[in-house]
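Engineer: Got a structure for you, questions after.
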Amino acid sequence: MRRVALLTSGGDAPGMNAAIRSIVRSGIARGWEMYGVRNGYAGLISGSIALLGARDVGGIIQRGGTMLGSARCREFETEEGRRAALKQLGRRGIGALVVIGGNGSQTGAHALSLMGFPVVGVASTIDNDLSGTDVTIGVTTAIDVALESIDRLKVTAASHQRAFLVEVMGRKCGYLALMAGLAGGADSIVIPEQEVDPETVAEDLRGAYASGKAHAIVVVAEGAGNNAERMVEFFQQNHERLGFDLRVTKLGHIQRGGAPGAYDRLLGTLFGAAAIERLAEGVNGVLVGMVKGEVATTPLAEVVACRKPLDLKMLELARVLAK
Ligand code: ATP
């Protein structure tokens, strides 16, 4: 009887539950015992690990978040922490681990696999900044949530002749802001990968009014140097010269909590099943992701070697289309 554990780590992402369901039931279908770890690597170290049956993962596919809980755990970044985790797994006779999460989580998975333990990663983060996959579980729903807000703000902006700033998540990565801005028809986009000064943003917004638009919207990633606070300060200081107000909406954690859309449920389902298939084939130390439309695996060593770069051509396209 094979025993396999799974955990979700880092920021929660819509579709993680679909992955949990798929991993647990695919494993059970092979006659394996499946163990859920609570709160990511923290639960691995503390031994918060419980057997999961097929019914335990029922009724979750349509829910955002993660039924296992997630956490950020500094202790796991140390070898001592990882040894404590291995001890907990060994004590229960668990022989493999599936890690559902983003960059940091897969770095942890790689570190554990370098210590000789079989690990398979499943790509899931709303940042979509993970190498080895074109798309991650959660990002599509997060973009949809941001878009709904942008669409609503456009309506109210058009009624009051006010410029709106929408701050979306992305501490180091502007993917969410760029895609939400592009698909939402923003007049200006500010991301950490390519800084824009507030004066340029003001020009973009003024340009929107000048070209006859009834609204002016800028989408800003939270991690951009010229973030929402800096923009507001600039617009307040230059209010008379600019001639219009800037109202700020921070979407914050609302972006994470959405019910997963069809695509994220399917990604969770397909990636989860593939993770179990790889383990059954004796393959580990890899990340399951989507490469050119196919579910594919990439060695974790490659995945964690560099963050996936953002396609800045999209920023240029957004600028052209905002005219
Ligand atoms: P998100 O993209 O949503 O932020 P993430 O997986 O990148 O997700 P992080 O907070 O970066 O989230 O990492 C999650 C956890 O992974 C950390 O709390 C830590 O336990 C583990 N981790 C991160 N970096 C390392 C590392 N270098 N070595 C071992 N473990 C790590």
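A note on labels: chains of the structure tokens are A, B, ... as shown, every chain counts residues from 1, and ligands are counted from 1 in their shown order.
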Per residue of chain A within 7 Å of ligand 1, what are the shortest atom pair and its distance in Å to one decimal, counting only C-alpha atoms and all ligand atoms, with rows by chain and residue number, as a Markdown table?

Structural biologist:
```
| residue | atom | partner | partner_atom_place_in_ligand_line | distance |
| --- | --- | --- | --- | --- |
| A:Ser9 | CA | ligand 1 | 14 (C) | 5.3 |
| A:Gly10 | CA | ligand 1 | 12 (O) | 3.4 |
| A:Gly11 | CA | ligand 1 | 3 (O) | 3.5 |
| A:Asp12 | CA | ligand 1 | 3 (O) | 6.2 |
| A:Tyr41 | CA | ligand 1 | 20 (O) | 5.4 |
| A:Ala71 | CA | ligand 1 | 18 (O) | 6.2 |
| A:Arg72 | CA | ligand 1 | 18 (O) | 3.0 |
| A:Cys73 | CA | ligand 1 | 20 (O) | 3.7 |
| A:Arg74 | CA | ligand 1 | 20 (O) | 5.2 |
| A:Glu75 | CA | ligand 1 | 20 (O) | 6.7 |
| A:Phe76 | CA | ligand 1 | 20 (O) | 4.8 |
| A:Glu77 | CA | ligand 1 | 29 (C) | 3.6 |
| A:Thr78 | CA | ligand 1 | 29 (C) | 6.7 |
| A:Gly101 | CA | ligand 1 | 6 (O) | 4.6 |
| A:Gly102 | CA | ligand 1 | 6 (O) | 3.4 |
| A:Asn103 | CA | ligand 1 | 7 (O) | 3.8 |
| A:Gly104 | CA | ligand 1 | 13 (O) | 3.4 |
| A:Ser105 | CA | ligand 1 | 16 (O) | 3.5 |
| A:Gln106 | CA | ligand 1 | 6 (O) | 6.4 |
| A:Thr107 | CA | ligand 1 | 25 (C) | 5.0 |
| A:Gly108 | CA | ligand 1 | 30 (N) | 3.3 |
| A:Ala111 | CA | ligand 1 | 29 (C) | 5.8 |
| A:Thr125 | CA | ligand 1 | 3 (O) | 4.5 |
| A:Ile126 | CA | ligand 1 | 3 (O) | 6.0 |
| A:Asp127 | CA | ligand 1 | 2 (O) | 5.5 |
```

Engineer: Just write the chosen residues, N, CA, C and O atoms, as an mmCIF file, in the first residue's frame.

Structural biologist:
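Listing of selection_39.cif after writing:
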```
data_model
loop_
_atom_site.group_PDB
_atom_site.id
_atom_site.type_symbol
_atom_site.label_atom_id
_atom_site.label_comp_id
_atom_site.auth_asym_id
_atom_site.auth_seq_id
_atom_site.Cartn_x
_atom_site.Cartn_y
_atom_site.Cartn_z
ATOM 1 N N SER A 9 0.347 25.479 -0.291
ATOM 2 C CA SER A 9 1.307 26.364 0.366
ATOM 3 C C SER A 9 1.352 27.724 -0.314
ATOM 4 O O SER A 9 1.021 27.861 -1.497
ATOM 5 N N GLY A 10 1.756 28.748 0.446
ATOM 6 C CA GLY A 10 1.824 30.115 -0.084
ATOM 7 C C GLY A 10 0.429 30.725 -0.128
ATOM 8 O O GLY A 10 -0.451 30.331 0.641
ATOM 9 N N GLY A 11 0.228 31.659 -1.038
ATOM 10 C CA GLY A 11 -1.091 32.287 -1.143
ATOM 11 C C GLY A 11 -2.114 31.298 -1.680
ATOM 12 O O GLY A 11 -1.809 30.518 -2.577
ATOM 13 N N ASP A 12 -3.326 31.302 -1.119
ATOM 14 C CA ASP A 12 -4.344 30.390 -1.651
ATOM 15 C C ASP A 12 -4.787 30.898 -3.024
ATOM 16 O O ASP A 12 -4.673 32.087 -3.324
ATOM 17 N N TYR A 41 3.652 23.876 4.764
ATOM 18 C CA TYR A 41 4.843 23.283 5.372
ATOM 19 C C TYR A 41 4.811 23.356 6.899
ATOM 20 O O TYR A 41 5.442 22.553 7.576
ATOM 21 N N ALA A 71 -0.192 28.297 4.492
ATOM 22 C CA ALA A 71 0.576 29.136 5.425
ATOM 23 C C ALA A 71 1.901 29.499 4.784
ATOM 24 O O ALA A 71 2.320 28.888 3.802
ATOM 25 N N ARG A 72 2.526 30.510 5.344
ATOM 26 C CA ARG A 72 3.908 30.797 4.981
ATOM 27 C C ARG A 72 4.730 30.354 6.196
ATOM 28 O O ARG A 72 4.364 30.642 7.324
ATOM 29 N N CYS A 73 5.801 29.598 5.966
ATOM 30 C CA CYS A 73 6.520 28.958 7.071
ATOM 31 C C CYS A 73 8.027 29.129 6.876
ATOM 32 O O CYS A 73 8.633 28.469 6.037
ATOM 33 N N ARG A 74 8.624 30.037 7.674
ATOM 34 C CA ARG A 74 10.060 30.320 7.537
ATOM 35 C C ARG A 74 10.905 29.118 7.961
ATOM 36 O O ARG A 74 11.991 28.891 7.429
ATOM 37 N N GLU A 75 10.385 28.356 8.917
ATOM 38 C CA GLU A 75 11.159 27.231 9.463
ATOM 39 C C GLU A 75 11.507 26.221 8.368
ATOM 40 O O GLU A 75 12.572 25.589 8.417
ATOM 41 N N PHE A 76 10.616 26.077 7.387
ATOM 42 C CA PHE A 76 10.854 25.087 6.339
ATOM 43 C C PHE A 76 12.014 25.508 5.427
ATOM 44 O O PHE A 76 12.569 24.691 4.696
ATOM 45 N N GLU A 77 12.372 26.791 5.487
ATOM 46 C CA GLU A 77 13.491 27.264 4.660
ATOM 47 C C GLU A 77 14.829 26.816 5.230
ATOM 48 O O GLU A 77 15.864 26.961 4.581
ATOM 49 N N THR A 78 14.811 26.279 6.451
ATOM 50 C CA THR A 78 16.047 25.772 7.054
ATOM 51 C C THR A 78 16.100 24.244 6.902
ATOM 52 O O THR A 78 15.055 23.589 6.843
ATOM 53 N N GLY A 101 1.279 24.859 -5.137
ATOM 54 C CA GLY A 101 1.628 26.232 -4.751
ATOM 55 C C GLY A 101 2.455 26.940 -5.802
ATOM 56 O O GLY A 101 2.658 26.430 -6.907
ATOM 57 N N GLY A 102 2.937 28.120 -5.427
ATOM 58 C CA GLY A 102 3.680 28.985 -6.357
ATOM 59 C C GLY A 102 5.186 28.836 -6.215
ATOM 60 O O GLY A 102 5.687 27.802 -5.764
ATOM 61 N N ASN A 103 5.885 29.914 -6.565
ATOM 62 C CA ASN A 103 7.342 29.910 -6.618
ATOM 63 C C ASN A 103 8.034 29.472 -5.332
ATOM 64 O O ASN A 103 8.859 28.552 -5.354
ATOM 65 N N GLY A 104 7.682 30.143 -4.220
ATOM 66 C CA GLY A 104 8.304 29.813 -2.936
ATOM 67 C C GLY A 104 8.017 28.368 -2.556
ATOM 68 O O GLY A 104 8.911 27.631 -2.126
ATOM 69 N N SER A 105 6.773 27.962 -2.740
ATOM 70 C CA SER A 105 6.364 26.600 -2.373
ATOM 71 C C SER A 105 7.135 25.563 -3.188
ATOM 72 O O SER A 105 7.541 24.526 -2.657
ATOM 73 N N GLN A 106 7.335 25.835 -4.469
ATOM 74 C CA GLN A 106 8.068 24.876 -5.318
ATOM 75 C C GLN A 106 9.564 24.902 -5.003
ATOM 76 O O GLN A 106 10.255 23.894 -5.181
ATOM 77 N N THR A 107 10.059 26.045 -4.501
ATOM 78 C CA THR A 107 11.454 26.093 -4.039
ATOM 79 C C THR A 107 11.607 25.173 -2.828
ATOM 80 O O THR A 107 12.587 24.427 -2.708
ATOM 81 N N GLY A 108 10.618 25.196 -1.953
ATOM 82 C CA GLY A 108 10.606 24.284 -0.800
ATOM 83 C C GLY A 108 10.511 22.838 -1.245
ATOM 84 O O GLY A 108 11.194 21.961 -0.712
ATOM 85 N N ALA A 111 13.828 21.767 -2.517
ATOM 86 C CA ALA A 111 14.777 21.554 -1.409
ATOM 87 C C ALA A 111 14.523 20.182 -0.757
ATOM 88 O O ALA A 111 15.464 19.460 -0.420
ATOM 89 N N THR A 125 -0.740 29.572 -8.360
ATOM 90 C CA THR A 125 -0.555 30.894 -7.751
ATOM 91 C C THR A 125 -1.308 31.910 -8.603
ATOM 92 O O THR A 125 -1.342 31.769 -9.832
ATOM 93 N N ILE A 126 -1.880 32.923 -7.963
ATOM 94 C CA ILE A 126 -2.583 33.926 -8.772
ATOM 95 C C ILE A 126 -1.597 34.863 -9.473
ATOM 96 O O ILE A 126 -2.005 35.700 -10.273
ATOM 97 N N ASP A 127 -0.288 34.719 -9.171
ATOM 98 C CA ASP A 127 0.712 35.583 -9.830
ATOM 99 C C ASP A 127 1.110 35.098 -11.223
ATOM 100 O O ASP A 127 1.648 35.867 -12.010
#
```

Engineer: Set out as a Markdown table a contact list for range 138-221 of chain A and range 245-253 of chain A with a cut-off of 12 Å, giving each residue of range 138-221 of chain A that qualifies its closest atom pair and distance in Å to one decimal, counting only C-alpha atoms, ordered by chain and rising residue number.

Structural biologist:
```
| residue | atom | partner | partner_atom | distance |
| --- | --- | --- | --- | --- |
| A:Ala142 | CA | A:His253 | CA | 9.9 |
| A:Ile143 | CA | A:Leu251 | CA | 11.3 |
| A:Val145 | CA | A:Leu251 | CA | 8.9 |
| A:Ala146 | CA | A:Leu251 | CA | 7.3 |
| A:Leu147 | CA | A:Leu251 | CA | 10.6 |
| A:Glu148 | CA | A:Leu251 | CA | 10.8 |
| A:Ser149 | CA | A:Leu251 | CA | 8.1 |
| A:Ile150 | CA | A:Thr249 | CA | 9.5 |
| A:Arg152 | CA | A:Thr249 | CA | 11.3 |
| A:Leu153 | CA | A:Thr249 | CA | 8.9 |
| A:Lys154 | CA | A:Arg247 | CA | 11.9 |
| A:Thr156 | CA | A:Arg247 | CA | 11.1 |
| A:Ala157 | CA | A:Arg247 | CA | 9.4 |
| A:His160 | CA | A:Asp245 | CA | 10.3 |
| A:Gln161 | CA | A:Asp245 | CA | 8.6 |
| A:Arg162 | CA | A:Asp245 | CA | 5.8 |
| A:Ala163 | CA | A:Leu246 | CA | 4.9 |
| A:Phe164 | CA | A:Arg247 | CA | 4.8 |
| A:Leu165 | CA | A:Val248 | CA | 4.8 |
| A:Val166 | CA | A:Thr249 | CA | 4.9 |
| A:Glu167 | CA | A:Lys250 | CA | 4.7 |
| A:Val168 | CA | A:Leu251 | CA | 5.7 |
| A:Met169 | CA | A:Gly252 | CA | 6.3 |
| A:Gly170 | CA | A:Gly252 | CA | 9.8 |
| A:Arg171 | CA | A:Gly252 | CA | 11.3 |
| A:Leu176 | CA | A:Leu251 | CA | 11.8 |
| A:Ala177 | CA | A:Leu251 | CA | 11.2 |
| A:Pro198 | CA | A:Leu246 | CA | 11.6 |
| A:Val201 | CA | A:Leu246 | CA | 11.0 |
| A:Ala202 | CA | A:Leu246 | CA | 9.5 |
| A:Leu205 | CA | A:Leu246 | CA | 9.7 |
| A:Arg206 | CA | A:Asp245 | CA | 11.0 |
| A:His215 | CA | A:Leu246 | CA | 11.4 |
| A:Ala216 | CA | A:Leu246 | CA | 9.3 |
| A:Ile217 | CA | A:Leu246 | CA | 9.2 |
| A:Val218 | CA | A:Leu246 | CA | 9.5 |
| A:Val219 | CA | A:Thr249 | CA | 9.7 |
| A:Val220 | CA | A:Lys250 | CA | 9.4 |
| A:Ala221 | CA | A:Lys250 | CA | 9.9 |
```

Engineer: Identify which of the residues A:Ala259, A:Ala318, A:Ala301, A:Ala224 lies closest to Ala180 in chain A, counting only C-alpha atoms when measuring atom-to-atom distances.

Structural biologist: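 Result for the nearest residue to Ala180 in chain A: A:Ala318.
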
Engineer: Using only C-alpha atoms, determine which residues lie at most 9 Å from range 28-34 of chain A, disregarding the query and same-chain residues fewer than 5 positions distant; provide the list as a ChimeraX atom specification.

Structural biologist: /A:1-6,23,50-54,94,280

Engineer: Write a file of the selected residues as a PDB file, in the first residue's frame, keeping N, CA, C and O atoms.

Structural biologist:
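Heads up, here's the output in result-v3.pdb:
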```pdb
ATOM      1  N   MET A   1       0.858  -1.209   0.000  1.00  0.00           N
ATOM      2  CA  MET A   1       0.000   0.000   0.000  1.00  0.00           C
ATOM      3  C   MET A   1       0.889   1.253   0.000  1.00  0.00           C
ATOM      4  O   MET A   1       1.741   1.400   0.874  1.00  0.00           O
ATOM      5  N   ARG A   2       0.695   2.108  -0.997  1.00  0.00           N
ATOM      6  CA  ARG A   2       1.502   3.314  -1.061  1.00  0.00           C
ATOM      7  C   ARG A   2       0.827   4.443  -0.294  1.00  0.00           C
ATOM      8  O   ARG A   2      -0.392   4.603  -0.378  1.00  0.00           O
ATOM      9  N   ARG A   3       1.600   5.212   0.440  1.00  0.00           N
ATOM     10  CA  ARG A   3       1.035   6.362   1.172  1.00  0.00           C
ATOM     11  C   ARG A   3       1.617   7.659   0.609  1.00  0.00           C
ATOM     12  O   ARG A   3       2.845   7.805   0.538  1.00  0.00           O
ATOM     13  N   VAL A   4       0.709   8.548   0.243  1.00  0.00           N
ATOM     14  CA  VAL A   4       1.116   9.821  -0.375  1.00  0.00           C
ATOM     15  C   VAL A   4       0.440  10.973   0.366  1.00  0.00           C
ATOM     16  O   VAL A   4      -0.762  10.903   0.666  1.00  0.00           O
ATOM     17  N   ALA A   5       1.196  12.029   0.672  1.00  0.00           N
ATOM     18  CA  ALA A   5       0.632  13.217   1.325  1.00  0.00           C
ATOM     19  C   ALA A   5       0.530  14.360   0.321  1.00  0.00           C
ATOM     20  O   ALA A   5       1.222  14.368  -0.705  1.00  0.00           O
ATOM     21  N   LEU A   6      -0.350  15.310   0.628  1.00  0.00           N
ATOM     22  CA  LEU A   6      -0.438  16.504  -0.216  1.00  0.00           C
ATOM     23  C   LEU A   6      -0.658  17.724   0.658  1.00  0.00           C
ATOM     24  O   LEU A   6      -1.212  17.623   1.762  1.00  0.00           O
ATOM     25  N   ILE A  23      -6.238  14.917  -6.787  1.00  0.00           N
ATOM     26  CA  ILE A  23      -5.086  14.147  -6.278  1.00  0.00           C
ATOM     27  C   ILE A  23      -5.571  13.025  -5.354  1.00  0.00           C
ATOM     28  O   ILE A  23      -5.158  11.870  -5.496  1.00  0.00           O
ATOM     29  N   ALA A  50      -3.542  14.122   8.185  1.00  0.00           N
ATOM     30  CA  ALA A  50      -4.665  13.199   8.430  1.00  0.00           C
ATOM     31  C   ALA A  50      -5.042  12.455   7.154  1.00  0.00           C
ATOM     32  O   ALA A  50      -4.931  12.997   6.040  1.00  0.00           O
ATOM     33  N   LEU A  51      -5.484  11.223   7.339  1.00  0.00           N
ATOM     34  CA  LEU A  51      -5.938  10.399   6.216  1.00  0.00           C
ATOM     35  C   LEU A  51      -7.177  11.036   5.586  1.00  0.00           C
ATOM     36  O   LEU A  51      -8.060  11.511   6.302  1.00  0.00           O
ATOM     37  N   LEU A  52      -7.228  11.071   4.252  1.00  0.00           N
ATOM     38  CA  LEU A  52      -8.395  11.629   3.559  1.00  0.00           C
ATOM     39  C   LEU A  52      -9.074  10.541   2.738  1.00  0.00           C
ATOM     40  O   LEU A  52      -8.401   9.816   1.993  1.00  0.00           O
ATOM     41  N   GLY A  53     -10.387  10.455   2.859  1.00  0.00           N
ATOM     42  CA  GLY A  53     -11.155   9.533   2.025  1.00  0.00           C
ATOM     43  C   GLY A  53     -11.770  10.292   0.858  1.00  0.00           C
ATOM     44  O   GLY A  53     -11.735  11.528   0.824  1.00  0.00           O
ATOM     45  N   ALA A  54     -12.345   9.543  -0.079  1.00  0.00           N
ATOM     46  CA  ALA A  54     -12.942  10.179  -1.263  1.00  0.00           C
ATOM     47  C   ALA A  54     -14.035  11.177  -0.867  1.00  0.00           C
ATOM     48  O   ALA A  54     -14.171  12.243  -1.465  1.00  0.00           O
ATOM     49  N   ILE A  94       4.789   7.555   5.049  1.00  0.00           N
ATOM     50  CA  ILE A  94       4.405   8.257   3.810  1.00  0.00           C
ATOM     51  C   ILE A  94       5.641   8.347   2.908  1.00  0.00           C
ATOM     52  O   ILE A  94       6.715   8.782   3.350  1.00  0.00           O
ATOM     53  N   ALA A 280       3.082   7.436  -9.987  1.00  0.00           N
ATOM     54  CA  ALA A 280       2.874   6.007 -10.286  1.00  0.00           C
ATOM     55  C   ALA A 280       3.942   5.502 -11.260  1.00  0.00           C
ATOM     56  O   ALA A 280       4.345   4.342 -11.207  1.00  0.00           O
TER      57      ALA A 280
END
```

Engineer: With DSSP run on the backbone, what are the strand (DSSP E) residues within range 117-234 of chain A? I'd like them as number ranges by chain.

Structural biologist: A: 119-123, 163-168, 188-190, 216-221

Engineer: Of the candidates A:Gly81, A:Gly138, A:Gly64, A:Gly132, which shows the shortest atom-to-atom distance to Asp264 in chain A, using only C-alpha atoms?

Structural biologist: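 Under the stated criterion, the closest residue is A:Gly138.
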
Engineer: Where in range 164-251 of chain A does DSSP assign helix (DSSP H, G or I), given as a count of residues only?

Structural biologist: 37

Engineer: Between A:Thr136, A:Pro260, A:Tyr209, A:Val190, which is the closest to Met231 in chain A once you count only C-alpha atoms?

Structural biologist: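 Selected residue with least distance to Met231 in chain A: A:Val190.
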
Engineer: Pick out the closest residue to Val304 in chain A from this set: A:Arg256, A:Arg55, A:His110, A:Arg230. Count only C-alpha atoms.

Structural biologist: A:His110

Engineer: Tell me which protein, DNA and RNA residues are within 8 Å of Gly65 in chain A, counting only C-alpha atoms, leaving out same-chain ones fewer than 4 positions away, and put them as a compact mmCIF listing (two decimals) with N, CA and C atoms, in the first residue's frame.

Structural biologist:
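What landed in out_19.txt:
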```txt
# COMPACT_ATOMS: atom_id res chain seq x y z
N ASP A 12 -3.33 31.30 -1.12
CA ASP A 12 -4.34 30.39 -1.65
C ASP A 12 -4.79 30.90 -3.02
N ALA A 13 -5.25 29.97 -3.85
CA ALA A 13 -5.64 30.34 -5.21
C ALA A 13 -6.89 29.55 -5.60
N PRO A 14 -7.86 30.19 -6.28
CA PRO A 14 -9.08 29.46 -6.67
C PRO A 14 -8.74 28.30 -7.62
N GLY A 15 -9.20 27.12 -7.26
CA GLY A 15 -8.88 25.94 -8.06
C GLY A 15 -7.99 24.97 -7.29
N MET A 16 -7.42 25.45 -6.18
CA MET A 16 -6.60 24.55 -5.35
C MET A 16 -7.46 23.37 -4.86
N ASN A 17 -8.72 23.66 -4.52
CA ASN A 17 -9.59 22.58 -4.03
C ASN A 17 -9.84 21.52 -5.10
N GLY A 69 -6.09 24.50 4.12
CA GLY A 69 -5.44 25.66 4.72
C GLY A 69 -4.06 25.84 4.10
N ARG A 256 -8.52 36.88 -4.20
CA ARG A 256 -8.20 35.48 -3.94
C ARG A 256 -9.46 34.64 -3.71
N GLY A 257 -10.49 35.26 -3.14
CA GLY A 257 -11.61 34.49 -2.60
C GLY A 257 -12.64 34.02 -3.60
```
